[in-house]
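Engineer: Input: one structure, supplied below.
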Amino acid sequence: MFRTRPIVSATALSLAIATPLSADVTTQQVWNNWKTGLESFGYVVEAERSSDGDTLSLDDIVLRFEGSEETASVTMSVGSMTLAARDDGTVRVTMPPQMTVRGEIVPPSGAPDDDPVSFAIDLMQADQAIIVSGDPETMEYDYSASRLEMALAELVVGADPITDDMVRASMVAEGVNSRTVASQGDMRTYDQTMQIDTVQYSLFITDTETADVPETMTINGTAGPITMASTSTVPDQPVDTAATNAFMANGFATDGTFNSTNSVAEIEVLNAQGTSKIKTETANGSLAIAVGPDGASYGLEQKDVQIGAQLAGIPFPVFLEMAKNGLNLRMPLEKREEPQNFAVGFNVTDFSMSDIIWSLFDPEAKLPRDPATIALDLTGKARLLFDLMNPEDAEQLALSGATPGELRSLNIEQLKVDAVGARLEGQGALTFDDPSKMIAPGLPEPSGEINLALEGGNGLLDTLVGMGFVPQDMAMGARMMMGLFAVPGDAPDTLSSKIEFTDDGQILANGQRIR
């Protein structure tokens with residue numbers, strides 16, 4: 001469970017790098033405030049300091065986090081920088097145009113992957129400028145660079161160096177601008193926005209342990225413009241960040257969004273079967289992540305997606321596209337007596353594929369080839385019976401095999417399947433109020449109702465029988481089941497169904513008791 005620690009480590013480092021300082025208008029106050037902010041994450045900050053008038057030079061800056069039995073130790077060497085006071089009361093921060101950031105991660109002893117990892121990243125910045133302004137309580141950091149380039153320079157796992165012919169990674173960003181407002185009170189808050197004109201990235205990986213032909217993967221991509229926005233709240237006093245749940249209990253929270261346009265990725269995989277090439281294009285994409293005492297949420301959405309592929313072993317190209325796809329998750333993290341909100345949702349909207357794929361199983365085009373949509377949106381409340389971010393609780397749960405939570409309510413906000421000439425839609429709401437009556441671990445008997453509507457079901461079944469995909473006797477059984485649970489609708493080839501779960505344990509289908 002030591003991997004929970006890097007989540008907090010990454011947040012601390014991103015705040016430190018994106019807002020290198022958290023300070024006042026004097027150079028010494030700038031340095032002191034930045035150092036204190038990192039120490040609140042559990043880091044020890046070291047640097048060689050020297051002053052020349054209103055200029056403070058920091059050399060050999062090192063950040064260290066001492067791990068525990070559950071968390072990794074982290075060491076980062078971030079080079080040097082100078083802080084110079086300006087006539088207008090602001091502070092200019094200058095870093096070398098070329099520098100190397102070095103780091104080492106040492107997992108706790110006995111972890112499944114306990115080999116230490118060391119790395120070096122070359123960082124190059126053109127026309128870089130950081131201006132710090134404001135007052136001691138609220139500081140503003142304006143960063144700009146015409147070009148920001150990062151490249152993996154060194155990677156060692158255990159005692160084994162990972163050479164360039166095994167792994168290569170780089171990223172180039174053009175037109176980078178960001179602003180961070182850092183406020184200090186009972187808690188530290190960071191509000192950050194960033195804009196990037198274009199990004200190019202490249203990744204190359206080789207699996208040298210394969211027997212005959214080494215398996216390699218190359219990824220090249222571009223995107224832009226890109227925008228980001230985030231808000232983070234950090235406890236001002238040092239806390240034991242090794243226990244991530246305790247860190248959040250003291251007020252840590254972060255909420256961020258990421259938006260990109262014109263994203264293109266090209267992937268090439270070489271293995272014993274041959275060469276596979278995949279290209280994806282996305283007009284717009286968004287990602288939202290939030291973590292805090294009230295739980296964690298994750299939202300992903302892409303619009304106007306196109307996927308083309310030439311796969312090894314398949315003699316024809318593959319082409320897919322969709323108007324939209326997305327994933328939505330929300331879950332509690334802390335053990336509480338009261339039920340907490342959760343959500344699960346996904347959608348694939350207006351999905352279509354090339355006729356050559358359709359022809360593999362429907363050469364006579366008997367099935368409608370209209371774009372398909374599948375969507376599911378569930379919300380509800382549940383009791384979490386352990387602290388998800390507490391490694392000890394999680395380990396005890398895994399060993400005991402106990403139920404992690406209890407469902408209290410479930411709402412079907414949307415159910416939609418629209419494909420090959422048939423459409424199924426549904427909504428419903430269920431409550432689970434009596435935990436003494438369990439139908440499965442963590443699942444009490446429900447009460448409430450679910451409403452379903454099916455259009456074109458019989459027509460689709462007839463088509464599948466005619467194509468030989470469904471035997472006649474199986475189709476007859478399916479129609480009998482539909483007759484048991486559904487009633488005809490007002491329009492031809494439509495069915496509707498109302499499934500009720502009563503408080504006394506009965507199940508009714510359109511008023512008829514089936515249990």
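In the structure tokens, chains take the letters A, B, ... in the order shown, each chain's residues start at 1, and ligands count up from 1 in the order shown.
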Report as a list in words all protein, DNA and RNA residues lying within 10 Å of Ser178 in chain A, evaluated on only C-alpha atoms, omitting residues in the same chain fewer than 6 positions from it.
Structural biologist: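 Here the qualifying residues turn out to be Ala18, Thr19, Ile130, Tyr141, Asp142, Tyr143, Ser144, Ala145, Gln192, Thr193, Met194, Gln195, Ile196, Thr227, Met228 and Ala229 of chain A.
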Engineer: As a PyMOL selection string, please: every residue in range 214-334 of chain A that a backbone DSSP assignment puts in alpha helix (DSSP H).
Structural biologist: chain A and resi 244-249
Engineer: One number please: CA of Ile356 in chain A to CA of Asp462 in chain A, in Å, one decimal.
Structural biologist: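 CA of Asp462 in chain A lies 23.7 Å from CA of Ile356 in chain A.
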Engineer: To test your reading of the structure, identify every residue in range 398-427 of chain A that backbone DSSP assigns to strand (DSSP E), and report it as a ChimeraX atom specification.
Structural biologist: /A:405-419,422-427
Engineer: Could the residues in this selection be written to a file with N, CA, C and O atoms, as a PDB file, in the first residue's frame?
Structural biologist:
ATOM      1  N   GLY A 405     -18.385  -2.227   2.219  1.00  0.00           N
ATOM      2  CA  GLY A 405     -19.399  -1.202   2.399  1.00  0.00           C
ATOM      3  C   GLY A 405     -20.795  -1.766   2.297  1.00  0.00           C
ATOM      4  O   GLY A 405     -20.999  -2.959   2.033  1.00  0.00           O
ATOM      5  N   GLU A 406     -21.782  -0.897   2.542  1.00  0.00           N
ATOM      6  CA  GLU A 406     -23.194  -1.271   2.469  1.00  0.00           C
ATOM      7  C   GLU A 406     -23.926  -0.268   1.574  1.00  0.00           C
ATOM      8  O   GLU A 406     -23.813   0.952   1.763  1.00  0.00           O
ATOM      9  N   LEU A 407     -24.675  -0.784   0.625  1.00  0.00           N
ATOM     10  CA  LEU A 407     -25.456   0.059  -0.266  1.00  0.00           C
ATOM     11  C   LEU A 407     -26.713   0.547   0.443  1.00  0.00           C
ATOM     12  O   LEU A 407     -27.408  -0.230   1.101  1.00  0.00           O
ATOM     13  N   ARG A 408     -27.008   1.852   0.312  1.00  0.00           N
ATOM     14  CA  ARG A 408     -28.188   2.425   0.955  1.00  0.00           C
ATOM     15  C   ARG A 408     -29.214   2.935  -0.063  1.00  0.00           C
ATOM     16  O   ARG A 408     -30.410   2.933   0.196  1.00  0.00           O
ATOM     17  N   SER A 409     -28.776   3.393  -1.224  1.00  0.00           N
ATOM     18  CA  SER A 409     -29.713   3.812  -2.272  1.00  0.00           C
ATOM     19  C   SER A 409     -29.013   3.727  -3.617  1.00  0.00           C
ATOM     20  O   SER A 409     -27.793   3.835  -3.709  1.00  0.00           O
ATOM     21  N   LEU A 410     -29.823   3.529  -4.661  1.00  0.00           N
ATOM     22  CA  LEU A 410     -29.296   3.449  -6.016  1.00  0.00           C
ATOM     23  C   LEU A 410     -30.310   4.067  -6.963  1.00  0.00           C
ATOM     24  O   LEU A 410     -31.471   3.654  -7.005  1.00  0.00           O
ATOM     25  N   ASN A 411     -29.870   5.051  -7.719  1.00  0.00           N
ATOM     26  CA  ASN A 411     -30.725   5.721  -8.696  1.00  0.00           C
ATOM     27  C   ASN A 411     -30.194   5.461 -10.104  1.00  0.00           C
ATOM     28  O   ASN A 411     -29.012   5.685 -10.373  1.00  0.00           O
ATOM     29  N   ILE A 412     -31.057   4.980 -10.975  1.00  0.00           N
ATOM     30  CA  ILE A 412     -30.718   4.858 -12.383  1.00  0.00           C
ATOM     31  C   ILE A 412     -31.145   6.158 -13.052  1.00  0.00           C
ATOM     32  O   ILE A 412     -32.303   6.334 -13.414  1.00  0.00           O
ATOM     33  N   GLU A 413     -30.203   7.082 -13.164  1.00  0.00           N
ATOM     34  CA  GLU A 413     -30.519   8.376 -13.764  1.00  0.00           C
ATOM     35  C   GLU A 413     -30.761   8.224 -15.260  1.00  0.00           C
ATOM     36  O   GLU A 413     -31.638   8.871 -15.825  1.00  0.00           O
ATOM     37  N   GLN A 414     -29.985   7.348 -15.890  1.00  0.00           N
ATOM     38  CA  GLN A 414     -30.151   7.111 -17.327  1.00  0.00           C
ATOM     39  C   GLN A 414     -29.628   5.730 -17.677  1.00  0.00           C
ATOM     40  O   GLN A 414     -28.559   5.327 -17.244  1.00  0.00           O
ATOM     41  N   LEU A 415     -30.408   5.016 -18.443  1.00  0.00           N
ATOM     42  CA  LEU A 415     -29.975   3.774 -19.089  1.00  0.00           C
ATOM     43  C   LEU A 415     -30.432   3.857 -20.535  1.00  0.00           C
ATOM     44  O   LEU A 415     -31.619   4.026 -20.808  1.00  0.00           O
ATOM     45  N   LYS A 416     -29.479   3.768 -21.457  1.00  0.00           N
ATOM     46  CA  LYS A 416     -29.834   3.876 -22.859  1.00  0.00           C
ATOM     47  C   LYS A 416     -28.941   2.972 -23.694  1.00  0.00           C
ATOM     48  O   LYS A 416     -27.720   3.039 -23.597  1.00  0.00           O
ATOM     49  N   VAL A 417     -29.562   2.123 -24.487  1.00  0.00           N
ATOM     50  CA  VAL A 417     -28.858   1.309 -25.467  1.00  0.00           C
ATOM     51  C   VAL A 417     -29.607   1.458 -26.786  1.00  0.00           C
ATOM     52  O   VAL A 417     -30.743   1.002 -26.904  1.00  0.00           O
ATOM     53  N   ASP A 418     -28.995   2.122 -27.743  1.00  0.00           N
ATOM     54  CA  ASP A 418     -29.626   2.399 -29.033  1.00  0.00           C
ATOM     55  C   ASP A 418     -28.686   1.888 -30.115  1.00  0.00           C
ATOM     56  O   ASP A 418     -27.672   2.523 -30.428  1.00  0.00           O
ATOM     57  N   ALA A 419     -28.997   0.712 -30.674  1.00  0.00           N
ATOM     58  CA  ALA A 419     -28.092   0.100 -31.648  1.00  0.00           C
ATOM     59  C   ALA A 419     -28.843  -0.909 -32.498  1.00  0.00           C
ATOM     60  O   ALA A 419     -29.834  -1.504 -32.058  1.00  0.00           O
ATOM     61  N   ALA A 422     -32.747  -1.225 -32.511  1.00  0.00           N
ATOM     62  CA  ALA A 422     -33.524  -1.360 -31.265  1.00  0.00           C
ATOM     63  C   ALA A 422     -33.039  -0.318 -30.259  1.00  0.00           C
ATOM     64  O   ALA A 422     -31.880   0.116 -30.299  1.00  0.00           O
ATOM     65  N   ARG A 423     -33.969   0.073 -29.375  1.00  0.00           N
ATOM     66  CA  ARG A 423     -33.618   1.057 -28.352  1.00  0.00           C
ATOM     67  C   ARG A 423     -34.203   0.622 -27.016  1.00  0.00           C
ATOM     68  O   ARG A 423     -35.400   0.320 -26.907  1.00  0.00           O
ATOM     69  N   LEU A 424     -33.340   0.584 -25.988  1.00  0.00           N
ATOM     70  CA  LEU A 424     -33.753   0.289 -24.623  1.00  0.00           C
ATOM     71  C   LEU A 424     -33.434   1.493 -23.761  1.00  0.00           C
ATOM     72  O   LEU A 424     -32.303   1.995 -23.775  1.00  0.00           O
ATOM     73  N   GLU A 425     -34.443   1.978 -23.021  1.00  0.00           N
ATOM     74  CA  GLU A 425     -34.243   3.098 -22.117  1.00  0.00           C
ATOM     75  C   GLU A 425     -34.813   2.743 -20.755  1.00  0.00           C
ATOM     76  O   GLU A 425     -35.779   1.972 -20.647  1.00  0.00           O
ATOM     77  N   GLY A 426     -34.209   3.300 -19.705  1.00  0.00           N
ATOM     78  CA  GLY A 426     -34.687   2.985 -18.365  1.00  0.00           C
ATOM     79  C   GLY A 426     -34.304   4.040 -17.355  1.00  0.00           C
ATOM     80  O   GLY A 426     -33.322   4.775 -17.520  1.00  0.00           O
ATOM     81  N   GLN A 427     -35.121   4.110 -16.299  1.00  0.00           N
ATOM     82  CA  GLN A 427     -34.866   4.946 -15.136  1.00  0.00           C
ATOM     83  C   GLN A 427     -35.405   4.230 -13.916  1.00  0.00           C
ATOM     84  O   GLN A 427     -36.250   3.335 -14.027  1.00  0.00           O
TER      85      GLN A 427
END
Engineer: For range 74-84 of chain A, work out the shell of residues within 8 Å, counting only C-alpha atoms and skipping chain neighbours fewer than 2 positions away, then give it as a PDB file with N, CA, C and O atoms, in the first residue's frame.
Structural biologist:
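This went into part.pdb:
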ATOM      1  N   THR A  27      13.034  38.942  -1.033  1.00  0.00           N
ATOM      2  CA  THR A  27      13.560  37.649  -1.472  1.00  0.00           C
ATOM      3  C   THR A  27      13.644  36.644  -0.320  1.00  0.00           C
ATOM      4  O   THR A  27      13.356  35.458  -0.505  1.00  0.00           O
ATOM      5  N   ASP A  54      20.091  42.902  -2.924  1.00  0.00           N
ATOM      6  CA  ASP A  54      18.704  42.443  -2.944  1.00  0.00           C
ATOM      7  C   ASP A  54      18.526  41.161  -3.757  1.00  0.00           C
ATOM      8  O   ASP A  54      17.407  40.821  -4.137  1.00  0.00           O
ATOM      9  N   THR A  55      19.607  40.450  -3.995  1.00  0.00           N
ATOM     10  CA  THR A  55      19.533  39.194  -4.746  1.00  0.00           C
ATOM     11  C   THR A  55      19.923  38.037  -3.851  1.00  0.00           C
ATOM     12  O   THR A  55      20.966  38.064  -3.187  1.00  0.00           O
ATOM     13  N   LEU A  56      19.069  37.014  -3.826  1.00  0.00           N
ATOM     14  CA  LEU A  56      19.321  35.800  -3.048  1.00  0.00           C
ATOM     15  C   LEU A  56      19.547  34.648  -4.018  1.00  0.00           C
ATOM     16  O   LEU A  56      18.703  34.380  -4.881  1.00  0.00           O
ATOM     17  N   SER A  57      20.681  33.981  -3.893  1.00  0.00           N
ATOM     18  CA  SER A  57      21.011  32.840  -4.751  1.00  0.00           C
ATOM     19  C   SER A  57      20.832  31.543  -3.968  1.00  0.00           C
ATOM     20  O   SER A  57      21.260  31.447  -2.812  1.00  0.00           O
ATOM     21  N   LEU A  58      20.180  30.580  -4.601  1.00  0.00           N
ATOM     22  CA  LEU A  58      19.939  29.270  -3.991  1.00  0.00           C
ATOM     23  C   LEU A  58      20.573  28.221  -4.892  1.00  0.00           C
ATOM     24  O   LEU A  58      20.212  28.097  -6.062  1.00  0.00           O
ATOM     25  N   ASP A  59      21.503  27.472  -4.346  1.00  0.00           N
ATOM     26  CA  ASP A  59      22.203  26.439  -5.104  1.00  0.00           C
ATOM     27  C   ASP A  59      22.008  25.088  -4.423  1.00  0.00           C
ATOM     28  O   ASP A  59      21.768  25.007  -3.208  1.00  0.00           O
ATOM     29  N   ASP A  60      22.128  24.032  -5.251  1.00  0.00           N
ATOM     30  CA  ASP A  60      22.019  22.653  -4.738  1.00  0.00           C
ATOM     31  C   ASP A  60      20.740  22.459  -3.928  1.00  0.00           C
ATOM     32  O   ASP A  60      20.761  21.969  -2.802  1.00  0.00           O
ATOM     33  N   ILE A  61      19.602  22.840  -4.510  1.00  0.00           N
ATOM     34  CA  ILE A  61      18.307  22.689  -3.826  1.00  0.00           C
ATOM     35  C   ILE A  61      17.911  21.216  -3.839  1.00  0.00           C
ATOM     36  O   ILE A  61      17.872  20.569  -4.892  1.00  0.00           O
ATOM     37  N   VAL A  62      17.622  20.680  -2.655  1.00  0.00           N
ATOM     38  CA  VAL A  62      17.275  19.267  -2.505  1.00  0.00           C
ATOM     39  C   VAL A  62      16.017  19.163  -1.655  1.00  0.00           C
ATOM     40  O   VAL A  62      15.895  19.822  -0.611  1.00  0.00           O
ATOM     41  N   LEU A  63      15.063  18.346  -2.109  1.00  0.00           N
ATOM     42  CA  LEU A  63      13.845  18.042  -1.356  1.00  0.00           C
ATOM     43  C   LEU A  63      13.897  16.578  -0.953  1.00  0.00           C
ATOM     44  O   LEU A  63      14.146  15.706  -1.793  1.00  0.00           O
ATOM     45  N   ARG A  64      13.649  16.298   0.320  1.00  0.00           N
ATOM     46  CA  ARG A  64      13.691  14.926   0.816  1.00  0.00           C
ATOM     47  C   ARG A  64      12.426  14.614   1.597  1.00  0.00           C
ATOM     48  O   ARG A  64      11.971  15.420   2.405  1.00  0.00           O
ATOM     49  N   PHE A  65      11.889  13.435   1.327  1.00  0.00           N
ATOM     50  CA  PHE A  65      10.777  12.925   2.137  1.00  0.00           C
ATOM     51  C   PHE A  65      11.195  11.572   2.691  1.00  0.00           C
ATOM     52  O   PHE A  65      11.536  10.660   1.940  1.00  0.00           O
ATOM     53  N   GLU A  66      11.180  11.454   4.018  1.00  0.00           N
ATOM     54  CA  GLU A  66      11.546  10.199   4.653  1.00  0.00           C
ATOM     55  C   GLU A  66      10.317   9.301   4.718  1.00  0.00           C
ATOM     56  O   GLU A  66       9.307   9.661   5.319  1.00  0.00           O
ATOM     57  N   GLY A  67      10.403   8.133   4.093  1.00  0.00           N
ATOM     58  CA  GLY A  67       9.272   7.214   4.050  1.00  0.00           C
ATOM     59  C   GLY A  67       9.090   6.450   5.345  1.00  0.00           C
ATOM     60  O   GLY A  67       9.750   6.709   6.360  1.00  0.00           O
ATOM     61  N   ALA A  72       7.031   5.207   0.323  1.00  0.00           N
ATOM     62  CA  ALA A  72       8.358   5.305  -0.272  1.00  0.00           C
ATOM     63  C   ALA A  72       9.068   6.569   0.202  1.00  0.00           C
ATOM     64  O   ALA A  72       8.448   7.567   0.578  1.00  0.00           O
ATOM     65  N   ARG A  86      12.820  43.705  -7.296  1.00  0.00           N
ATOM     66  CA  ARG A  86      12.712  44.698  -8.367  1.00  0.00           C
ATOM     67  C   ARG A  86      12.213  46.019  -7.793  1.00  0.00           C
ATOM     68  O   ARG A  86      11.642  46.072  -6.701  1.00  0.00           O
ATOM     69  N   VAL A  91       9.281  40.395  -7.019  1.00  0.00           N
ATOM     70  CA  VAL A  91      10.494  39.563  -7.012  1.00  0.00           C
ATOM     71  C   VAL A  91      10.532  38.769  -8.307  1.00  0.00           C
ATOM     72  O   VAL A  91       9.529  38.171  -8.710  1.00  0.00           O
ATOM     73  N   ARG A  92      11.690  38.794  -8.956  1.00  0.00           N
ATOM     74  CA  ARG A  92      11.877  38.004 -10.164  1.00  0.00           C
ATOM     75  C   ARG A  92      12.674  36.753  -9.812  1.00  0.00           C
ATOM     76  O   ARG A  92      13.740  36.838  -9.194  1.00  0.00           O
ATOM     77  N   VAL A  93      12.140  35.615 -10.225  1.00  0.00           N
ATOM     78  CA  VAL A  93      12.795  34.322  -9.996  1.00  0.00           C
ATOM     79  C   VAL A  93      13.387  33.863 -11.319  1.00  0.00           C
ATOM     80  O   VAL A  93      12.686  33.803 -12.334  1.00  0.00           O
ATOM     81  N   THR A  94      14.656  33.526 -11.302  1.00  0.00           N
ATOM     82  CA  THR A  94      15.346  33.108 -12.519  1.00  0.00           C
ATOM     83  C   THR A  94      15.965  31.740 -12.317  1.00  0.00           C
ATOM     84  O   THR A  94      16.667  31.510 -11.320  1.00  0.00           O
ATOM     85  N   MET A  95      15.686  30.826 -13.241  1.00  0.00           N
ATOM     86  CA  MET A  95      16.306  29.517 -13.255  1.00  0.00           C
ATOM     87  C   MET A  95      17.201  29.410 -14.475  1.00  0.00           C
ATOM     88  O   MET A  95      16.977  30.107 -15.467  1.00  0.00           O
ATOM     89  N   PRO A  96      18.211  28.544 -14.452  1.00  0.00           N
ATOM     90  CA  PRO A  96      19.063  28.381 -15.636  1.00  0.00           C
ATOM     91  C   PRO A  96      18.233  27.934 -16.830  1.00  0.00           C
ATOM     92  O   PRO A  96      17.276  27.173 -16.683  1.00  0.00           O
ATOM     93  N   MET A  99      18.843  22.873 -17.240  1.00  0.00           N
ATOM     94  CA  MET A  99      19.136  22.282 -15.941  1.00  0.00           C
ATOM     95  C   MET A  99      18.676  20.830 -15.941  1.00  0.00           C
ATOM     96  O   MET A  99      17.895  20.407 -16.805  1.00  0.00           O
ATOM     97  N   THR A 100      19.183  20.078 -14.998  1.00  0.00           N
ATOM     98  CA  THR A 100      18.826  18.663 -14.864  1.00  0.00           C
ATOM     99  C   THR A 100      18.223  18.431 -13.486  1.00  0.00           C
ATOM    100  O   THR A 100      18.844  18.784 -12.473  1.00  0.00           O
ATOM    101  N   VAL A 101      17.029  17.913 -13.459  1.00  0.00           N
ATOM    102  CA  VAL A 101      16.355  17.552 -12.214  1.00  0.00           C
ATOM    103  C   VAL A 101      16.590  16.073 -11.964  1.00  0.00           C
ATOM    104  O   VAL A 101      16.316  15.236 -12.827  1.00  0.00           O
ATOM    105  N   ARG A 102      17.123  15.750 -10.798  1.00  0.00           N
ATOM    106  CA  ARG A 102      17.414  14.357 -10.451  1.00  0.00           C
ATOM    107  C   ARG A 102      16.548  13.913  -9.285  1.00  0.00           C
ATOM    108  O   ARG A 102      16.209  14.714  -8.405  1.00  0.00           O
ATOM    109  N   GLY A 103      16.185  12.637  -9.304  1.00  0.00           N
ATOM    110  CA  GLY A 103      15.339  12.121  -8.242  1.00  0.00           C
ATOM    111  C   GLY A 103      15.599  10.666  -7.960  1.00  0.00           C
ATOM    112  O   GLY A 103      16.159   9.930  -8.785  1.00  0.00           O
ATOM    113  N   GLU A 104      15.178  10.244  -6.774  1.00  0.00           N
ATOM    114  CA  GLU A 104      15.285   8.840  -6.387  1.00  0.00           C
ATOM    115  C   GLU A 104      14.076   8.475  -5.542  1.00  0.00           C
ATOM    116  O   GLU A 104      13.678   9.233  -4.648  1.00  0.00           O
ATOM    117  N   ILE A 105      13.488   7.325  -5.843  1.00  0.00           N
ATOM    118  CA  ILE A 105      12.352   6.806  -5.091  1.00  0.00           C
ATOM    119  C   ILE A 105      12.755   5.445  -4.530  1.00  0.00           C
ATOM    120  O   ILE A 105      13.119   4.533  -5.287  1.00  0.00           O
ATOM    121  N   VAL A 106      12.695   5.311  -3.202  1.00  0.00           N
ATOM    122  CA  VAL A 106      13.071   4.065  -2.543  1.00  0.00           C
ATOM    123  C   VAL A 106      11.825   3.479  -1.889  1.00  0.00           C
ATOM    124  O   VAL A 106      11.327   4.026  -0.900  1.00  0.00           O
TER     125      VAL A 106
END
Engineer: Using CA of Gln302 in chain A and CA of Thr282 in chain A as the two end points, give the distance in Å to one decimal.
Structural biologist: 6.7 Å
Engineer: If I take CA of Glu39 in chain A and CA of Gly185 in chain A, how far is one from the other in Å, to one decimal?
Structural biologist: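 Distance between the two atoms: 16.0 Å.
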Engineer: What are the closest atom pairs, with distances in Å to one decimal, for each residue of range 79-124 of chain A lying within 7 Å of range 146-159 of chain A, using only C-alpha atoms, rows by chain and rising residue number, as CSV?
Structural biologist:
residue,atom,partner,partner_atom,distance
A:Asp115,CA,A:Gly158,CA,4.7
A:Pro116,CA,A:Gly158,CA,5.1
A:Val117,CA,A:Val157,CA,4.7
A:Ser118,CA,A:Val156,CA,5.2
A:Phe119,CA,A:Leu155,CA,4.4
A:Ala120,CA,A:Glu154,CA,4.8
A:Ile121,CA,A:Leu152,CA,4.7
A:Asp122,CA,A:Ala151,CA,5.3
A:Leu123,CA,A:Met150,CA,4.8
A:Met124,CA,A:Glu149,CA,5.1
Engineer: For range 266-279 of chain A, find every residue with an atom within 9 Å (counting only C-alpha atoms), except residues of its own chain fewer than 3 positions away, and show them as number ranges by chain.
Structural biologist: A: 210, 212-221, 306-313
Engineer: Can those selected residues be exported to a file as a JSON list (two decimals), in the first residue's frame so that it contains C-alpha atoms?
Structural biologist:
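Done, and the output landed in result_31.json:
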[["chain", "number", "residue", "atom", "x", "y", "z"],
["A", 210, "THR", "CA", 10.76, -11.35, -25.36],
["A", 212, "ASP", "CA", 12.31, -13.92, -30.68],
["A", 213, "VAL", "CA", 11.43, -10.39, -31.75],
["A", 214, "PRO", "CA", 11.71, -7.65, -29.08],
["A", 215, "GLU", "CA", 8.33, -6.00, -28.56],
["A", 216, "THR", "CA", 8.51, -2.25, -29.00],
["A", 217, "MET", "CA", 5.96, 0.53, -28.69],
["A", 218, "THR", "CA", 6.34, 4.07, -30.00],
["A", 219, "ILE", "CA", 3.89, 6.86, -29.19],
["A", 220, "ASN", "CA", 4.02, 10.31, -30.78],
["A", 221, "GLY", "CA", 1.39, 12.94, -30.15],
["A", 306, "GLN", "CA", -11.73, 9.13, -34.76],
["A", 307, "ILE", "CA", -9.67, 5.95, -34.53],
["A", 308, "GLY", "CA", -7.90, 4.33, -37.44],
["A", 309, "ALA", "CA", -5.78, 1.20, -37.20],
["A", 310, "GLN", "CA", -3.88, -1.32, -39.27],
["A", 311, "LEU", "CA", -3.42, -4.29, -36.93],
["A", 312, "ALA", "CA", -0.96, -7.12, -37.35],
["A", 313, "GLY", "CA", -2.69, -10.26, -38.53]]
Engineer: Identify, on the basis of only C-alpha atoms, every residue whose closest approach to Asp355 in chain A does not exceed 10 Å; exclude the query and any residue fewer than 5 positions from it along the same chain; express the result as a list in words.
Structural biologist: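 The contact residues come out as Val318, Phe319, Leu360, Asp362, Pro363, Ala365 and Arg369 of chain A.
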Engineer: Restricted to all heavy atoms, what would the selected residues look like written as a compact mmCIF listing (two decimals), in the first residue's frame?
Structural biologist:
# COMPACT_ATOMS: atom_id res chain seq x y z
N VAL A 318 -8.97 -0.79 -39.92
CA VAL A 318 -10.09 -0.62 -38.99
C VAL A 318 -10.32 0.88 -38.80
O VAL A 318 -9.37 1.63 -38.58
CB VAL A 318 -9.80 -1.29 -37.64
CG1 VAL A 318 -10.90 -0.98 -36.64
CG2 VAL A 318 -9.64 -2.80 -37.82
N PHE A 319 -11.59 1.31 -38.89
CA PHE A 319 -11.90 2.72 -38.68
C PHE A 319 -13.13 2.82 -37.78
O PHE A 319 -14.16 2.21 -38.05
CB PHE A 319 -12.16 3.45 -39.99
CG PHE A 319 -12.45 4.91 -39.81
CD1 PHE A 319 -11.42 5.81 -39.54
CD2 PHE A 319 -13.74 5.39 -39.88
CE1 PHE A 319 -11.68 7.16 -39.35
CE2 PHE A 319 -14.02 6.74 -39.70
CZ PHE A 319 -12.97 7.62 -39.44
N LEU A 360 -18.02 -8.26 -42.08
CA LEU A 360 -17.50 -9.52 -41.53
C LEU A 360 -18.61 -10.39 -40.97
O LEU A 360 -18.55 -11.62 -41.07
CB LEU A 360 -16.46 -9.22 -40.44
CG LEU A 360 -15.17 -8.56 -40.88
CD1 LEU A 360 -14.29 -8.26 -39.68
CD2 LEU A 360 -14.43 -9.44 -41.88
N ASP A 362 -22.17 -9.21 -41.21
CA ASP A 362 -23.45 -8.85 -41.84
C ASP A 362 -23.19 -8.44 -43.28
O ASP A 362 -23.40 -7.28 -43.67
CB ASP A 362 -24.11 -7.72 -41.04
CG ASP A 362 -25.48 -7.36 -41.58
OD1 ASP A 362 -26.11 -8.21 -42.25
OD2 ASP A 362 -25.93 -6.22 -41.33
N PRO A 363 -22.74 -9.38 -44.11
CA PRO A 363 -22.38 -9.01 -45.50
C PRO A 363 -23.56 -8.53 -46.32
O PRO A 363 -23.38 -7.79 -47.30
CB PRO A 363 -21.78 -10.31 -46.05
CG PRO A 363 -22.36 -11.39 -45.21
CD PRO A 363 -22.52 -10.81 -43.85
N ALA A 365 -26.00 -6.66 -45.20
CA ALA A 365 -26.49 -5.39 -44.62
C ALA A 365 -27.93 -5.51 -44.15
O ALA A 365 -28.76 -4.61 -44.40
CB ALA A 365 -26.34 -4.25 -45.62
N ARG A 369 -27.27 0.20 -39.83
CA ARG A 369 -25.91 0.63 -39.49
C ARG A 369 -25.87 2.06 -39.00
O ARG A 369 -24.85 2.74 -39.12
CB ARG A 369 -24.99 0.43 -40.69
CG ARG A 369 -24.91 -1.03 -41.12
CD ARG A 369 -23.93 -1.26 -42.26
NE ARG A 369 -23.89 -2.68 -42.63
CZ ARG A 369 -23.07 -3.20 -43.55
NH1 ARG A 369 -22.24 -2.39 -44.21
NH2 ARG A 369 -23.09 -4.49 -43.82
Engineer: Using only C-alpha atoms for the distances, tell me which of A:Val305, A:Leu378, A:Leu443, A:Leu460 is nearest to Lys366 in chain A.
Structural biologist: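 That would be A:Leu460, the residue with the smallest distance to Lys366 in chain A.
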Engineer: Kindly indicate which residue among A:Ala453, A:Val167, A:Ala296, A:Ala375 lies nearest to Leu388 in chain A, using only C-alpha atoms for the distances.
Structural biologist: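 Checking each candidate against Leu388 in chain A, we get A:Ala296 as the closest.
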Engineer: Leu287 in chain A: which residues within 8 Å, counting only C-alpha atoms, same-chain residues fewer than 4 positions away excluded, as a ChimeraX atom specification?
Structural biologist: /A:257-259,298-301
